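S.K.: Structure file coords.txt (compact mmCIF, C-alpha atoms) right here:
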# COMPACT_ATOMS: atom_id res chain seq x y z
CA MET P 1 0.00 0.00 0.00
CA SER P 2 1.79 3.06 -1.20
CA ILE P 3 1.69 6.60 0.19
CA LEU P 4 -0.53 7.78 -2.67
CA TRP P 5 -3.35 5.50 -1.57
CA VAL P 6 -3.10 6.76 2.02
CA ILE P 7 -3.33 10.38 0.83
CA SER P 8 -6.27 9.47 -1.41
CA ILE P 9 -8.19 7.92 1.48
CA ILE P 10 -7.56 10.96 3.71
CA LEU P 11 -8.76 13.23 0.90
CA ILE P 12 -11.93 11.14 0.47
CA PHE P 13 -12.75 11.92 4.12
CA ALA P 14 -12.08 15.60 3.35
CA VAL P 15 -14.61 15.38 0.50
CA LEU P 16 -17.20 13.84 2.83
CA LEU P 17 -16.65 16.52 5.48
CA SER P 18 -16.97 19.44 3.09
CA SER P 19 -19.96 17.94 1.26
CA TYR P 20 -21.86 18.43 4.52
CA ARG P 21 -21.82 22.14 3.68
CA VAL P 22 -23.04 21.42 0.14
CA PHE P 23 -26.20 19.73 1.41
CA MET P 24 -26.82 21.71 4.64
CA GLY P 25 -25.58 25.20 3.70
CA PRO P 26 -27.57 28.16 4.99
CA THR P 27 -27.15 30.24 1.84
CA ILE P 28 -26.51 29.22 -1.73
CA TYR P 29 -23.06 30.88 -1.70
CA ASP P 30 -21.88 28.44 0.96
CA ARG P 31 -23.03 25.57 -1.21
CA LEU P 32 -21.21 26.98 -4.24
CA LEU P 33 -18.01 27.54 -2.25
CA ALA P 34 -18.06 24.05 -0.78
CA LEU P 35 -18.76 22.56 -4.20
CA ASN P 36 -15.68 24.31 -5.58
CA LEU P 37 -13.53 22.82 -2.80
CA VAL P 38 -15.01 19.36 -3.42
CA ALA P 39 -14.22 19.64 -7.14
CA VAL P 40 -10.58 20.57 -6.52
CA VAL P 41 -10.10 17.71 -4.03
CA VAL P 42 -11.74 15.21 -6.42
CA THR P 43 -9.38 16.40 -9.18
CA ILE P 44 -6.38 15.72 -6.94
CA ILE P 45 -7.75 12.26 -6.08
CA PHE P 46 -8.05 11.50 -9.80
CA ILE P 47 -4.43 12.56 -10.39
CA LEU P 48 -3.15 10.48 -7.45
CA VAL P 49 -5.01 7.37 -8.64
CA SER P 50 -3.76 7.93 -12.19
CA VAL P 51 -0.11 8.18 -11.12
CA ASP P 52 -0.32 5.20 -8.78
CA THR P 53 -2.10 2.75 -11.05
CA GLY P 54 -0.72 3.95 -14.38
CA MET P 55 -4.09 4.50 -16.02
CA GLY P 56 -3.42 7.51 -18.22
CA HIS P 57 -6.98 8.37 -19.14
CA TYR P 58 -7.78 9.35 -15.55
CA MET P 59 -5.40 12.30 -15.99
CA ASP P 60 -7.44 13.53 -18.97
CA ILE P 61 -10.58 13.34 -16.84
CA ALA P 62 -8.83 15.41 -14.15
CA VAL P 63 -7.70 18.13 -16.59
CA SER P 64 -11.15 18.51 -18.15
CA PHE P 65 -12.84 18.36 -14.74
CA ILE P 66 -10.93 21.30 -13.28
CA VAL P 67 -11.58 23.40 -16.41
CA LEU P 68 -15.32 22.68 -16.36
CA ASP P 69 -15.50 23.37 -12.61
CA PHE P 70 -14.01 26.83 -13.13
CA VAL P 71 -16.45 27.68 -15.91
CA GLY P 72 -19.45 26.41 -13.94
CA THR P 73 -18.53 28.25 -10.75
CA ILE P 74 -17.98 31.56 -12.56
CA ALA P 75 -21.30 31.20 -14.41
CA PHE P 76 -23.19 30.42 -11.17
CA ALA P 77 -21.57 33.34 -9.33
CA ASN P 78 -22.42 35.67 -12.20
CA TYR P 79 -26.09 34.74 -12.22
CA LEU P 80 -26.48 34.71 -8.42
CA GLU P 81 -25.18 38.25 -8.07
CA GLY P 82 -27.74 40.57 -6.46
CA GLY P 83 -30.27 37.84 -5.83
CA ASP P 84 -32.17 36.99 -2.68
CA PHE P 85 -31.50 33.31 -2.12
CA GLU P 86 -31.59 31.46 1.15
CA MET S 1 16.97 9.68 -1.49
CA ILE S 2 16.58 13.35 -0.61
CA ILE S 3 14.13 14.20 -3.37
CA ASN S 4 11.82 11.42 -2.22
CA LEU S 5 11.80 12.89 1.28
CA ILE S 6 11.01 16.40 0.00
CA SER S 7 8.19 14.97 -2.11
CA LEU S 8 6.76 13.16 0.91
CA ILE S 9 6.89 16.29 3.07
CA LEU S 10 5.18 18.41 0.38
CA MET S 11 2.39 15.89 -0.17
CA CYS S 12 1.72 15.50 3.57
CA LEU S 13 1.65 19.31 3.96
CA GLY S 14 -0.88 19.68 1.14
CA THR S 15 -3.06 16.91 2.55
CA VAL S 16 -3.10 18.56 5.97
CA ILE S 17 -4.02 21.93 4.41
CA LEU S 18 -6.92 20.44 2.42
CA PHE S 19 -8.19 18.43 5.40
CA PHE S 20 -8.12 21.47 7.69
CA ALA S 21 -10.00 23.47 5.05
CA SER S 22 -12.71 20.84 4.92
CA ILE S 23 -12.99 20.95 8.73
CA ALA S 24 -13.21 24.74 8.48
CA MET S 25 -16.14 24.46 6.07
CA ILE S 26 -18.09 22.89 8.94
CA ARG S 27 -16.75 24.85 11.89
CA PHE S 28 -16.77 28.44 10.58
CA GLU S 29 -19.99 30.39 10.87
CA ASP S 30 -20.02 32.94 8.05
CA THR S 31 -19.71 32.89 4.29
CA TYR S 32 -16.67 35.16 4.35
CA MET S 33 -14.85 33.04 6.96
CA ARG S 34 -15.45 29.96 4.82
CA LEU S 35 -14.23 31.90 1.79
CA HIS S 36 -11.04 32.70 3.68
CA ALA S 37 -10.42 29.01 4.43
CA SER S 38 -11.38 27.60 1.04
CA SER S 39 -9.54 30.15 -1.08
CA LYS S 40 -6.17 29.36 0.53
CA ALA S 41 -6.67 25.63 0.37
CA THR S 42 -7.65 25.38 -3.29
CA SER S 43 -4.53 27.24 -4.39
CA GLY S 44 -1.95 26.34 -1.73
CA GLY S 45 -2.87 22.80 -0.78
CA ALA S 46 -3.40 21.67 -4.36
CA LEU S 47 -0.12 23.31 -5.35
CA ALA S 48 1.79 21.51 -2.58
CA ILE S 49 0.37 18.06 -3.40
CA LEU S 50 0.92 18.43 -7.15
CA LEU S 51 4.49 19.75 -6.73
CA GLY S 52 5.30 16.77 -4.52
CA LEU S 53 3.80 14.45 -7.11
CA LEU S 54 5.76 16.18 -9.87
CA MET S 55 9.06 15.36 -8.13
CA ARG S 56 8.01 11.73 -7.95
CA THR S 57 7.02 11.19 -11.58
CA GLY S 58 10.02 12.72 -13.31
CA PHE S 59 9.83 14.14 -16.82
CA THR S 60 7.21 12.16 -18.70
CA GLU S 61 3.96 12.96 -20.46
CA THR S 62 2.18 12.56 -17.12
CA SER S 63 4.18 15.43 -15.63
CA GLY S 64 3.15 17.68 -18.52
CA LYS S 65 -0.49 17.22 -17.63
CA ILE S 66 0.30 17.78 -13.94
CA ILE S 67 2.00 21.07 -14.86
CA LEU S 68 -1.13 22.01 -16.83
CA VAL S 69 -3.33 21.32 -13.79
CA ILE S 70 -0.95 23.33 -11.52
CA PHE S 71 -1.04 26.28 -13.91
CA PHE S 72 -4.81 26.23 -14.21
CA SER S 73 -5.39 25.76 -10.48
CA VAL S 74 -3.15 28.65 -9.46
CA LEU S 75 -4.65 30.82 -12.20
CA THR S 76 -8.31 30.22 -11.39
CA ALA S 77 -8.46 29.94 -7.57
CA PRO S 78 -8.29 33.74 -6.89
CA ILE S 79 -10.83 34.43 -9.64
CA VAL S 80 -13.32 31.97 -8.13
CA GLY S 81 -12.81 33.41 -4.63
CA HIS S 82 -13.34 36.94 -5.86
CA ALA S 83 -16.46 36.03 -7.86
CA ILE S 84 -18.14 34.18 -4.98
CA GLY S 85 -17.24 36.93 -2.48
CA ARG S 86 -18.60 39.62 -4.79
CA ALA S 87 -21.83 37.70 -5.40
CA ALA S 88 -22.31 37.12 -1.66
CA PHE S 89 -21.63 40.78 -0.86
CA LEU S 90 -24.04 42.11 -3.48
CA SER S 91 -26.85 39.81 -2.40
CA LYS S 92 -29.81 41.08 -0.44
CA GLY S 93 -29.11 39.11 2.72
CA ASP S 94 -27.78 40.49 5.99
CA LYS S 95 -24.68 42.49 5.21
CA ILE S 96 -21.44 42.64 7.13
CA LYS S 97 -20.62 45.97 8.73
CA ILE S 98 -18.05 47.72 6.57
CA ASP S 99 -16.80 51.29 6.38
CA ILE S 100 -15.62 51.73 2.80
CA GLU S 101 -17.68 50.06 0.12
CA GLU S 102 -16.21 50.21 -3.36
CA TYR S 103 -19.09 48.63 -5.24
CA GLY S 104 -21.11 51.84 -5.16
CA GLY S 105 -23.79 50.83 -2.71
CA ASP S 106 -26.68 53.04 -1.70
CA LYS S 107 -25.61 55.62 0.82
Kindly return the structure encoded in the file as structure tokens.
M.R.:
Amino acid sequence: MSILWVISIILIFAVLLSSYRVFMGPTIYDRLLALNLVAVVVTIIFILVSVDTGMGHYMDIAVSFIVLDFVGTIAFANYLEGGDFE
Amino acid sequence: MIINLISLILMCLGTVILFFASIAMIRFEDTYMRLHASSKATSGGALAILLGLLMRTGFTETSGKIILVIFFSVLTAPIVGHAIGRAAFLSKGDKIKIDIEEYGGDK
């Protein structure tokens, strides 16, 4: 069991802890912020699994995932600006 | 091997930063406090883990994609933090008490 698997398992617990705020957030901005953190951690988990097991197509998934997360978060933050959401 | 040790230290540091940020998403009580925790972690913690991983892989086609992810992560984390903070500040909820407002609010 290499060190990359240990880091991946710790980061999976980090995803579970911060997805509490995605489901239970008081405002929609907390949900958006927590979803951004979850997306970055999931990208790092994909990269760690790809390096450890040698499956190269996981790295392509990670690169496209972080690009699409940025575009989605910016679009959500643009449309939520000035709203009254709880 | 010294470069293996440096890689291990960097990856453990980044894991600790990301785990503390996810604890802070539960423990902090305001949107701006959570923004403070998450914005550091998504640039700094991800950068530390990926730099440690980059020392371990060497110079292959995998490291090129890791460099691409590092570049994009460092480039986009401040933009995301600024956009979410601006959207939360301009919303009609309860505002924080602030002296100088540069978004041209109603005085």
S.K.: Residues of chain S within 6 Å of chain P, counting all atoms listed in the file - could you list those as number ranges by chain?
M.R.: S: 19, 22, 25, 31, 83-84, 87, 90-92
S.K.: What is the atom CA of S:Leu75-atom CA of S:Ser43 distance in Å, reported with one decimal?
M.R.: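 Distance between the two atoms: 8.6 Å.
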S.K.: State, in Å with one decimal place, the distance from atom CA of S:Val80 to atom CA of S:Ala37.
M.R.: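 Separating atom CA of S:Val80 from atom CA of S:Ala37 is a distance of 13.2 Å.
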S.K.: Counting only C-alpha atoms, which of S:Ala48, S:Glu102, S:Tyr32, S:Ser7 gets nearest to S:Ser73?
M.R.: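 With only C-alpha atoms as the atom set, the closest residue is S:Ala48.
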S.K.: Find the residue from S:Asn4, S:Thr76, S:Thr62, S:Thr15 that sits nearest to S:Ala46; use all atoms listed in the file when measuring.
M.R.: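 Closest to S:Ala46, using all atoms listed in the file: S:Thr15.
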